[in-house]
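Enquirer: The structure is given below, and queries will be raised subsequently.
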Amino acid sequence: MFKSQTCKRLILSDIAVSLIFFGIGIFAAIFFNDFFKLNILSFTLGMIFGTAFTVLKIMLLEKTVQKAVDMPKEKAVNYTRLHYTLRYILTGAVVAVAAVNTKVSLFGTVLALAALWPAVHAAAKLEKRAEAEKQQP
């Protein structure tokens with residue numbers, strides 16, 4: 001399914017960061033319910049929806065890179081730009097679906113989508129650590 005360890009690390013990091021964000025959201029919903037007014041089931045569905053889509057985006061990115069590597073430079077640039085644009089259009093569609101659907105929390109969906117940024121940094125640190133361990137005798 002996945003060709004690279006980097007993709008696996010990125011997906012696992014995204015899921016881990018999403019779970020951390022989920023835990024913080026549930027904590028806030030339970031202890032600060034008067035302020036946040038968060039429906040726990042709706043928030044959970046939003047987090048699941050956003051995390052699942054983020055994993056799909058990572059898989060699409062890996063597929064795009066794998067195909068672009070074998071193309072001539074100009075064709076690869078256009079191919080990656082097209083797929084970059086398509087991924088962001090899909091992200092907009094996911095946010096629109098979460099905004100329209102009352103059973104899925106828009107906040108939870110956007111929070112899960114935003115979990116990709118810290119997940120990328122976490123995966124990069126894991127990658128550096130793995131490389132350092134390989135180089136040690």
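Chain labels run A, B, ... following the order of the structure tokens; each chain numbers its residues from 1, and ligands are numbered from 1 in the order shown.
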Identify, on the basis of only C-alpha atoms, every residue whose closest approach to A:Gly50 does not exceed 6 Å; exclude the query and any residue fewer than 6 positions from it along the same chain; express the result as a ChimeraX atom specification.
Expert: /A:109,112-113
Enquirer: Could you list, with a cut-off of 7 Å and counting only C-alpha atoms, the residues of stretch 73-126 of chain A near stretch 8-15 of chain A, each shown with its nearest atom pair and the distance in Å rounded to one decimal, rows sorted by chain and ascending number, as a tab-separated table?
Expert:
residue	atom	partner	partner_atom	distance
A:Ala115	CA	A:Asp14	CA	6.2
A:Leu116	CA	A:Asp14	CA	5.6
A:Ala119	CA	A:Asp14	CA	4.7
A:Val120	CA	A:Leu10	CA	6.2
A:Ala122	CA	A:Ser13	CA	6.4
A:Ala123	CA	A:Leu10	CA	5.3
Enquirer: Measure the distance from atom CA of A:Leu106 to atom CA of A:Gly46 in Å and round it to one decimal.
Expert: 6.4 Å
Enquirer: If you count only C-alpha atoms, which residues fall within 12 Å of A:Ile26, apart from same-chain ones fewer than 2 positions away, as a list in words?
Expert: Leu19, Ile20, Phe21, Phe22, Gly23, Ile24, Ala28, Ala29, Ile30, Phe31, Phe32, Asn33, Phe36, Lys37, Leu38, Asn39, Ile40, Leu41, Ser42, Phe43, Thr44, Met47 and Gly108 of chain A
Enquirer: Convert the current residue selection to file output with C-alpha atoms, as a JSON list (two decimals), in the first residue's frame.
Expert:
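Below is the file that was written, out23.json:
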[["chain", "number", "residue", "atom", "x", "y", "z"],
["A", 19, "LEU", "CA", -5.64, 11.86, 19.08],
["A", 20, "ILE", "CA", -3.88, 14.45, 21.23],
["A", 21, "PHE", "CA", -6.11, 17.21, 19.80],
["A", 22, "PHE", "CA", -9.12, 14.94, 20.35],
["A", 23, "GLY", "CA", -8.16, 14.43, 23.99],
["A", 24, "ILE", "CA", -7.76, 18.17, 24.53],
["A", 28, "ALA", "CA", -12.42, 21.11, 27.15],
["A", 29, "ALA", "CA", -15.93, 19.85, 26.37],
["A", 30, "ILE", "CA", -16.25, 18.10, 29.71],
["A", 31, "PHE", "CA", -14.70, 20.67, 32.03],
["A", 32, "PHE", "CA", -15.47, 23.91, 30.20],
["A", 33, "ASN", "CA", -18.81, 22.99, 28.63],
["A", 36, "PHE", "CA", -17.19, 25.75, 24.54],
["A", 37, "LYS", "CA", -20.74, 24.38, 24.00],
["A", 38, "LEU", "CA", -19.25, 21.35, 22.23],
["A", 39, "ASN", "CA", -21.32, 18.30, 21.35],
["A", 40, "ILE", "CA", -18.97, 15.38, 22.05],
["A", 41, "LEU", "CA", -20.46, 13.03, 19.43],
["A", 42, "SER", "CA", -20.41, 15.72, 16.75],
["A", 43, "PHE", "CA", -16.83, 16.65, 17.68],
["A", 44, "THR", "CA", -15.78, 12.98, 17.54],
["A", 47, "MET", "CA", -12.25, 14.53, 14.16],
["A", 108, "GLY", "CA", -13.49, 18.98, 14.91]]
Enquirer: Find the residues around stretch 62-75 of chain A up to 10 Å (only C-alpha atoms counted), leave out those fewer than 4 positions away in its own chain, and share them as an MDAnalysis selection string.
Expert: chainID A and resid 2:4 6:7 56:58 79:84
Enquirer: Quick one: write out the picked residues with C-alpha atoms as a PDB file, in the first residue's frame?
Expert:
ATOM      1  CA  PHE A   2       2.665   2.522   1.023  1.00  0.00           C
ATOM      2  CA  LYS A   3       6.012   2.577  -0.683  1.00  0.00           C
ATOM      3  CA  SER A   4       7.910   4.735   1.759  1.00  0.00           C
ATOM      4  CA  THR A   6       8.250   8.480   5.423  1.00  0.00           C
ATOM      5  CA  CYS A   7       4.611   8.150   4.401  1.00  0.00           C
ATOM      6  CA  LEU A  56      -6.137  10.214   2.248  1.00  0.00           C
ATOM      7  CA  LYS A  57      -4.340  13.469   1.361  1.00  0.00           C
ATOM      8  CA  ILE A  58      -1.029  12.023   2.533  1.00  0.00           C
ATOM      9  CA  TYR A  79       1.536  17.351 -12.736  1.00  0.00           C
ATOM     10  CA  THR A  80       2.422  18.220  -9.138  1.00  0.00           C
ATOM     11  CA  ARG A  81       0.805  21.667  -9.417  1.00  0.00           C
ATOM     12  CA  LEU A  82      -2.400  20.114 -10.720  1.00  0.00           C
ATOM     13  CA  HIS A  83      -2.517  17.547  -7.927  1.00  0.00           C
ATOM     14  CA  TYR A  84      -1.656  20.195  -5.328  1.00  0.00           C
TER      15      TYR A  84
END
Enquirer: Grab the atom CA of A:Gly92 to atom CA of A:Trp117 distance for me, in Å with one decimal place.
Expert: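 Atom CA of A:Trp117 lies 16.8 Å from atom CA of A:Gly92.
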Enquirer: Which residues, written as a PDB file with C-alpha atoms, in the first residue's frame, have at least one atom at most 12 Å from stretch 131-137 of chain A, with only C-alpha atoms counted and residues fewer than 4 positions away on the same chain left out?
Expert:
ATOM      1  CA  GLN A   5       8.630   4.705   5.450  1.00  0.00           C
ATOM      2  CA  THR A   6       8.250   8.480   5.423  1.00  0.00           C
ATOM      3  CA  ALA A 124      10.576  14.954  10.400  1.00  0.00           C
ATOM      4  CA  LYS A 125      12.051  14.621  13.888  1.00  0.00           C
ATOM      5  CA  LEU A 126      11.346  10.873  13.855  1.00  0.00           C
ATOM      6  CA  GLU A 127      12.984  10.622  10.444  1.00  0.00           C
TER       7      GLU A 127
END
Enquirer: Please report, as a compact mmCIF listing (two decimals) with C-alpha atoms, in the first residue's frame, each residue of stretch 92-121 of chain A to which DSSP assigns alpha helix (DSSP H) when run on this structure's backbone.
Expert:
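Writing the result to out_24.txt gives the following:
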# COMPACT_ATOMS: atom_id res chain seq x y z
CA GLY A 92 -12.41 22.84 0.67
CA ALA A 93 -15.11 20.31 -0.22
CA VAL A 94 -14.51 18.45 3.05
CA VAL A 95 -14.78 21.67 5.05
CA ALA A 96 -17.96 22.58 3.14
CA VAL A 97 -19.50 19.17 3.89
CA ALA A 98 -18.62 19.56 7.57
CA ALA A 99 -20.14 23.05 7.59
CA VAL A 100 -23.39 21.89 6.01
CA LEU A 106 -16.85 21.87 11.70
CA PHE A 107 -14.47 22.65 14.56
CA GLY A 108 -13.49 18.98 14.91
CA THR A 109 -12.97 18.60 11.16
CA VAL A 110 -10.81 21.72 10.85
CA LEU A 111 -8.85 20.75 13.97
CA ALA A 112 -8.12 17.32 12.47
CA LEU A 113 -7.09 18.91 9.18
CA ALA A 114 -4.81 21.32 11.05
CA LEU A 116 -1.17 17.73 9.70
CA TRP A 117 1.17 20.66 10.36
CA PRO A 118 2.50 19.52 13.75
CA ALA A 119 2.44 15.93 12.44
CA VAL A 120 4.83 16.89 9.64
CA HIS A 121 7.25 18.34 12.18
